[in-house]
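Okay, data-v1.pdb is below, PDB, C-alpha atoms:
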ATOM      1  CA  MET A   1     -38.271  16.978  -2.693
ATOM      2  CA  ASP A   2     -36.635  20.136  -1.353
ATOM      3  CA  PHE A   3     -38.023  22.027  -4.339
ATOM      4  CA  LEU A   4     -41.571  20.940  -3.508
ATOM      5  CA  LEU A   5     -41.114  21.572   0.196
ATOM      6  CA  LEU A   6     -39.831  25.123  -0.282
ATOM      7  CA  THR A   7     -42.240  26.097  -3.055
ATOM      8  CA  GLN A   8     -45.476  24.376  -2.013
ATOM      9  CA  ILE A   9     -45.209  24.098   1.773
ATOM     10  CA  LEU A  10     -42.951  26.961   2.823
ATOM     11  CA  ASN A  11     -43.903  29.091  -0.218
ATOM     12  CA  ASN A  12     -40.589  30.840  -0.775
ATOM     13  CA  ILE A  13     -38.777  30.738  -4.127
ATOM     14  CA  GLY A  14     -36.068  33.051  -2.806
ATOM     15  CA  ALA A  15     -35.161  30.586  -0.069
ATOM     16  CA  LEU A  16     -34.928  27.862  -2.696
ATOM     17  CA  SER A  17     -32.451  29.979  -4.676
ATOM     18  CA  VAL A  18     -30.273  30.481  -1.609
ATOM     19  CA  TYR A  19     -30.402  26.771  -0.816
ATOM     20  CA  SER A  20     -29.465  25.832  -4.386
ATOM     21  CA  ALA A  21     -26.578  28.315  -4.523
ATOM     22  CA  ALA A  22     -25.054  27.311  -1.180
ATOM     23  CA  ALA A  23     -23.293  24.123  -2.289
ATOM     24  CA  LEU A  24     -20.570  25.793  -4.401
ATOM     25  CA  PRO A  25     -19.209  28.266  -1.799
ATOM     26  CA  ILE A  26     -19.349  25.544   0.858
ATOM     27  CA  SER A  27     -17.282  23.257  -1.368
ATOM     28  CA  LEU A  28     -14.785  26.028  -2.131
ATOM     29  CA  VAL A  29     -14.249  26.670   1.575
ATOM     30  CA  LEU A  30     -13.969  22.972   2.466
ATOM     31  CA  VAL A  31     -11.424  22.260  -0.256
ATOM     32  CA  THR A  32      -8.971  24.689   1.370
ATOM     33  CA  PHE A  33      -8.515  22.637   4.539
ATOM     34  CA  LEU A  34     -10.293  19.269   4.251
ATOM     35  CA  ALA A  35      -7.255  17.393   2.913
ATOM     36  CA  LYS A  36      -5.071  18.492   5.833
ATOM     37  CA  LEU A  37      -7.830  17.780   8.330
ATOM     38  CA  SER A  38      -8.436  14.292   6.937
ATOM     39  CA  GLY A  39      -4.703  13.610   7.185
ATOM     40  CA  LYS A  40      -4.797  14.393  10.896
ATOM     41  CA  VAL A  41      -8.196  12.961  11.811
ATOM     42  CA  GLY A  42      -8.802  10.317   9.147
ATOM     43  CA  LYS A  43     -11.103  10.102   6.136
ATOM     44  CA  LYS A  44     -13.275   7.407   7.691
ATOM     45  CA  GLU A  45     -13.563   9.402  10.897
ATOM     46  CA  ILE A  46     -14.545  12.651   9.149
ATOM     47  CA  GLY A  47     -16.982  10.803   6.905
ATOM     48  CA  THR A  48     -18.626   9.152   9.902
ATOM     49  CA  ILE A  49     -18.983  12.414  11.804
ATOM     50  CA  SER A  50     -20.221  14.357   8.770
ATOM     51  CA  MET A  51     -22.905  11.792   7.909
ATOM     52  CA  ILE A  52     -24.228  11.439  11.459
ATOM     53  CA  PHE A  53     -24.144  15.230  11.862
ATOM     54  CA  THR A  54     -26.064  15.701   8.594
ATOM     55  CA  GLY A  55     -28.602  13.013   9.457
ATOM     56  CA  ALA A  56     -29.156  14.492  12.905
ATOM     57  CA  LEU A  57     -29.900  17.910  11.391
ATOM     58  CA  TYR A  58     -32.507  16.457   9.028
ATOM     59  CA  CYS A  59     -34.093  14.554  11.915
ATOM     60  CA  LEU A  60     -34.151  17.803  13.886
ATOM     61  CA  VAL A  61     -35.980  19.556  11.043
ATOM     62  CA  PHE A  62     -38.462  16.680  10.970
ATOM     63  CA  VAL A  63     -39.152  16.932  14.702
ATOM     64  CA  LEU A  64     -39.434  20.738  14.685
ATOM     65  CA  ARG A  65     -41.870  20.806  11.723
ATOM     66  CA  VAL A  66     -40.275  24.079  10.597
ATOM     67  CA  ARG A  67     -42.570  26.547   8.855
ATOM     68  CA  ASN A  68     -40.150  29.435   8.435
ATOM     69  CA  PRO A  69     -38.369  28.938   5.077
ATOM     70  CA  TRP A  70     -35.216  30.720   6.239
ATOM     71  CA  VAL A  71     -34.908  28.559   9.331
ATOM     72  CA  TYR A  72     -35.328  25.480   7.132
ATOM     73  CA  VAL A  73     -32.712  26.709   4.650
ATOM     74  CA  SER A  74     -30.278  27.653   7.431
ATOM     75  CA  ILE A  75     -30.399  24.174   8.948
ATOM     76  CA  THR A  76     -30.261  22.303   5.639
ATOM     77  CA  VAL A  77     -27.418  24.485   4.333
ATOM     78  CA  LEU A  78     -25.523  23.556   7.506
ATOM     79  CA  ALA A  79     -26.290  19.930   6.668
ATOM     80  CA  THR A  80     -24.810  20.546   3.205
ATOM     81  CA  VAL A  81     -21.432  21.053   4.889
ATOM     82  CA  GLY A  82     -21.491  17.420   6.001
ATOM     83  CA  ILE A  83     -22.708  16.190   2.620
ATOM     84  CA  SER A  84     -20.017  18.151   0.747
ATOM     85  CA  ALA A  85     -17.272  16.898   3.057
ATOM     86  CA  PHE A  86     -18.358  13.303   2.539
ATOM     87  CA  ASN A  87     -18.584  13.692  -1.258
ATOM     88  CA  MET A  88     -15.095  15.164  -1.423
ATOM     89  CA  LEU A  89     -13.521  12.453   0.704
ATOM     90  CA  ILE A  90     -15.262   9.508  -0.960
ATOM     91  CA  TRP A  91     -12.873   9.750  -3.919
ATOM     92  CA  ALA A  92      -9.856   9.717  -1.614
ATOM     93  CA  ASN A  93     -11.297   6.638   0.098
ATOM     94  CA  ILE A  94     -11.017   4.798  -3.208
ATOM     95  CA  THR A  95      -7.222   5.107  -3.191
ATOM     96  CA  ASP A  96      -7.200   3.749   0.367
ATOM     97  CA  ILE A  97      -9.273   0.778  -0.816
ATOM     98  CA  ILE A  98      -6.864   0.178  -3.709
ATOM     99  CA  ASP A  99      -3.947   0.168  -1.260
ATOM    100  CA  TYR A 100      -5.839  -2.179   1.046
ATOM    101  CA  GLN A 101      -6.518  -4.540  -1.861
ATOM    102  CA  GLU A 102      -2.827  -4.559  -2.749
ATOM    103  CA  VAL A 103      -1.835  -5.336   0.841
ATOM    104  CA  LEU A 104      -4.317  -8.232   0.973
ATOM    105  CA  THR A 105      -3.729  -9.743  -2.470
ATOM    106  CA  GLY A 106      -0.457  -8.354  -3.765
ATOM    107  CA  LYS A 107      -2.278  -6.949  -6.807
ATOM    108  CA  ARG A 108      -3.105  -3.302  -7.459
ATOM    109  CA  ASP A 109      -6.472  -3.406  -9.253
ATOM    110  CA  ASP A 110      -6.971   0.330  -9.774
ATOM    111  CA  ALA A 111      -9.156   0.081 -12.859
ATOM    112  CA  THR A 112     -11.403  -2.660 -11.458
ATOM    113  CA  ILE A 113     -12.030  -0.848  -8.174
ATOM    114  CA  TYR A 114     -12.693   2.501  -9.855
ATOM    115  CA  GLY A 115     -14.975   0.749 -12.354
ATOM    116  CA  VAL A 116     -16.999  -1.003  -9.646
ATOM    117  CA  TYR A 117     -17.332   2.249  -7.717
ATOM    118  CA  SER A 118     -18.425   4.255 -10.772
ATOM    119  CA  PHE A 119     -20.934   1.609 -11.806
ATOM    120  CA  SER A 120     -22.359   1.376  -8.271
ATOM    121  CA  ARG A 121     -22.616   5.162  -8.077
ATOM    122  CA  LYS A 122     -24.576   5.346 -11.333
ATOM    123  CA  ILE A 123     -26.961   2.617 -10.157
ATOM    124  CA  GLY A 124     -27.487   4.502  -6.907
ATOM    125  CA  GLN A 125     -28.201   7.763  -8.725
ATOM    126  CA  ALA A 126     -30.677   6.049 -11.041
ATOM    127  CA  LEU A 127     -32.481   4.390  -8.137
ATOM    128  CA  ALA A 128     -32.595   7.666  -6.198
ATOM    129  CA  GLY A 129     -34.115   9.479  -9.170
ATOM    130  CA  GLY A 130     -36.782   6.834  -9.663
ATOM    131  CA  LEU A 131     -37.477   6.553  -5.939
ATOM    132  CA  GLY A 132     -38.483  10.211  -5.716
ATOM    133  CA  GLY A 133     -41.181   9.784  -8.350
ATOM    134  CA  PHE A 134     -42.415   6.563  -6.771
ATOM    135  CA  ILE A 135     -42.708   8.191  -3.343
ATOM    136  CA  LEU A 136     -44.638  11.170  -4.747
ATOM    137  CA  THR A 137     -47.062   8.801  -6.439
ATOM    138  CA  PHE A 138     -47.425   6.764  -3.260
ATOM    139  CA  ILE A 139     -48.279   9.779  -1.083
ATOM    140  CA  GLY A 140     -50.852  11.020  -3.607
ATOM    141  CA  TYR A 141     -49.045  14.015  -5.109
ATOM    142  CA  ASN A 142     -50.983  15.503  -8.030
ATOM    143  CA  SER A 143     -48.767  17.373 -10.510
ATOM    144  CA  ALA A 144     -51.821  18.659 -12.389
ATOM    145  CA  THR A 145     -52.782  21.035  -9.574
ATOM    146  CA  SER A 146     -50.836  23.850  -7.940
ATOM    147  CA  THR A 147     -52.220  23.064  -4.481
ATOM    148  CA  GLN A 148     -52.028  19.771  -2.640
ATOM    149  CA  THR A 149     -54.093  18.404   0.225
ATOM    150  CA  VAL A 150     -52.836  18.893   3.764
ATOM    151  CA  ALA A 151     -52.089  15.173   3.999
ATOM    152  CA  VAL A 152     -49.927  15.307   0.872
ATOM    153  CA  THR A 153     -47.995  18.409   1.968
ATOM    154  CA  GLU A 154     -47.340  16.887   5.379
ATOM    155  CA  SER A 155     -46.145  13.701   3.692
ATOM    156  CA  ILE A 156     -43.811  15.708   1.454
ATOM    157  CA  TYR A 157     -42.356  17.384   4.544
ATOM    158  CA  THR A 158     -41.920  14.050   6.304
ATOM    159  CA  VAL A 159     -40.268  12.338   3.337
ATOM    160  CA  SER A 160     -37.997  15.345   2.672
ATOM    161  CA  THR A 161     -36.662  15.343   6.223
ATOM    162  CA  ILE A 162     -36.837  12.039   8.056
ATOM    163  CA  LEU A 163     -35.918   9.840   5.065
ATOM    164  CA  PRO A 164     -32.583  11.560   4.329
ATOM    165  CA  GLY A 165     -32.000  11.846   8.078
ATOM    166  CA  ILE A 166     -32.262   8.078   8.544
ATOM    167  CA  CYS A 167     -30.207   7.363   5.411
ATOM    168  CA  TYR A 168     -27.359   9.698   6.365
ATOM    169  CA  ILE A 169     -27.175   8.332   9.899
ATOM    170  CA  GLY A 170     -27.229   4.815   8.439
ATOM    171  CA  ILE A 171     -24.258   5.657   6.206
ATOM    172  CA  GLY A 172     -22.423   7.087   9.204
ATOM    173  CA  LEU A 173     -23.003   3.913  11.202
ATOM    174  CA  ILE A 174     -21.836   1.734   8.299
ATOM    175  CA  LEU A 175     -18.637   3.777   8.094
ATOM    176  CA  ALA A 176     -18.158   3.565  11.849
ATOM    177  CA  PHE A 177     -18.725  -0.170  12.289
ATOM    178  CA  ALA A 178     -18.333  -1.895   8.902
ATOM    179  CA  TYR A 179     -15.780   0.106   6.908
ATOM    180  CA  PRO A 180     -12.349  -1.096   8.091
ATOM    181  CA  LEU A 181     -10.051   1.663   6.848
ATOM    182  CA  SER A 182      -9.569   3.944   9.835
ATOM    183  CA  ARG A 183      -6.692   6.427   9.877
ATOM    184  CA  LYS A 184      -4.563   3.929  11.797
ATOM    185  CA  VAL A 185      -5.190   1.124   9.288
ATOM    186  CA  VAL A 186      -4.521   3.429   6.320
ATOM    187  CA  GLU A 187      -1.201   4.508   7.822
ATOM    188  CA  GLU A 188      -0.265   0.883   8.519
ATOM    189  CA  ASN A 189      -1.102  -0.043   4.918
ATOM    190  CA  SER A 190       1.040   2.807   3.596
ATOM    191  CA  THR A 191       3.988   1.576   5.669
ATOM    192  CA  LYS A 192       3.497  -2.022   4.482
ATOM    193  CA  LEU A 193       3.271  -0.970   0.837
ATOM    194  CA  ALA A 194       6.387   1.193   1.118
ATOM    195  CA  LYS A 195       8.317  -1.838   2.388
ATOM    196  CA  ILE A 196       6.853  -4.087  -0.328
ATOM    197  CA  HIS A 197       7.685  -1.635  -3.125
ATOM    198  CA  LYS A 198      11.174  -1.084  -1.720
ATOM    199  CA  SER A 199      11.875  -4.818  -1.592
ATOM    200  CA  LYS A 200      10.650  -5.249  -5.187
ATOM    201  CA  ALA A 201      12.824  -2.369  -6.373
ATOM    202  CA  VAL A 202      15.869  -4.001  -4.786
TER     203      VAL A 202
END

Write out the structure in this file as structure tokens.
Amino acid sequence: MDFLLLTQILNNIGALSVYSAAALPISLVLVTFLAKLSGKVGKKEIGTISMIFTGALYCLVFVLRVRNPWVYVSITVLATVGISAFNMLIWANITDIIDYQEVLTGKRDDATIYGVYSFSRKIGQALAGGLGGFILTFIGYNSATSTQTVAVTESIYTVSTILPGICYIGIGLILAFAYPLSRKVVEENSTKLAKIHKSKAV
């Protein structure tokens, strides 16, 4: 969707190149301090903030109806910071879930939990890929022509901004209110497991 928005609505291939290239340097910067920060603040807490922050930026772009490609790229690249932080921490969350499972059941089902996560991730990626094509068909996008109607271009803009905005905020709210593993709970689980492992060793 971003490709269509930048090339057919904002008409700037250069801005698209900058947008596409931004993810790697952002990730390289985040990796230098994100682990320490998550240790102090909490993975759930950072994930919640990053998703709501990202969603809010996309909603802002939707409301502003930005027509300057560099303004659009600047805001969405800033949103990429939140997305990258979440994607980095999601893998660390899996180890917290494994610990939580062991505390609850006494069994450490590493392979099962990783397998369920990987399978769910692949299903999500497949659905996301198919959803994009379905939405374009629904709004009347015509791939056979280089120009689209005003209604179609406005729909592309709307879908490219408000839909991810709502989804990211939704993920943030799920983390905040449904995901139980706050920093405090993770630390408590680590203490419990240390005692359990020590008693078994003895």

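Note that CA of Ser182 in chain A and CA of Ile162 in chain A are 28.5 Å apart.
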
Selected residue of minimal separation from Ser84 in chain A among A:Val71, A:Leu34, A:Val63, A:Ile97, counting all atoms listed in the file: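 Nearest to Ser84 in chain A: A:Leu34.
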
Identify the residues within 9 Å of coordinate (-6.1, 0.2, -4.7) (same frame as the file), considering all atoms listed in the file, and give the answer as a VMD selection string. chain A and resid 94 to 103 107 to 111 113 to 114

Here's the selection I'm unsure about, the PyMOL selection byres ((chain A and resi 127-132) around 12); applied to the file above, which residues does it give, as a ChimeraX atom specification? /A:1-4,120-126,133-139,141,156,159-160,163-164,167

Check the smallest atom-to-atom distance from each of A:Lys44, A:Thr147, A:Leu57, A:Asn93 to Thr76 in chain A using all atoms listed in the file, then report the winner. A:Leu57

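This file gives the following result for the PyMOL selection byres ((chain A and resi 46-48) around 9): Leu37, Ser38, Val41, Gly42, Lys43, Lys44, Glu45, Ile49, Ser50, Met51, Ile52, Phe53, Gly82, Ile83, Ala85, Phe86, Asn87, Leu89, Ile90, Ile169, Ile171, Gly172, Leu173, Ile174, Leu175 and Ala176 of chain A.
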
I'd like to see the residues matched by the PyMOL selection byres ((chain A and resi 7) around 12) on this file, and ideally I'd get them as a ChimeraX atom specification. /A:1-6,8-17,67,69,146-148,153,156-157
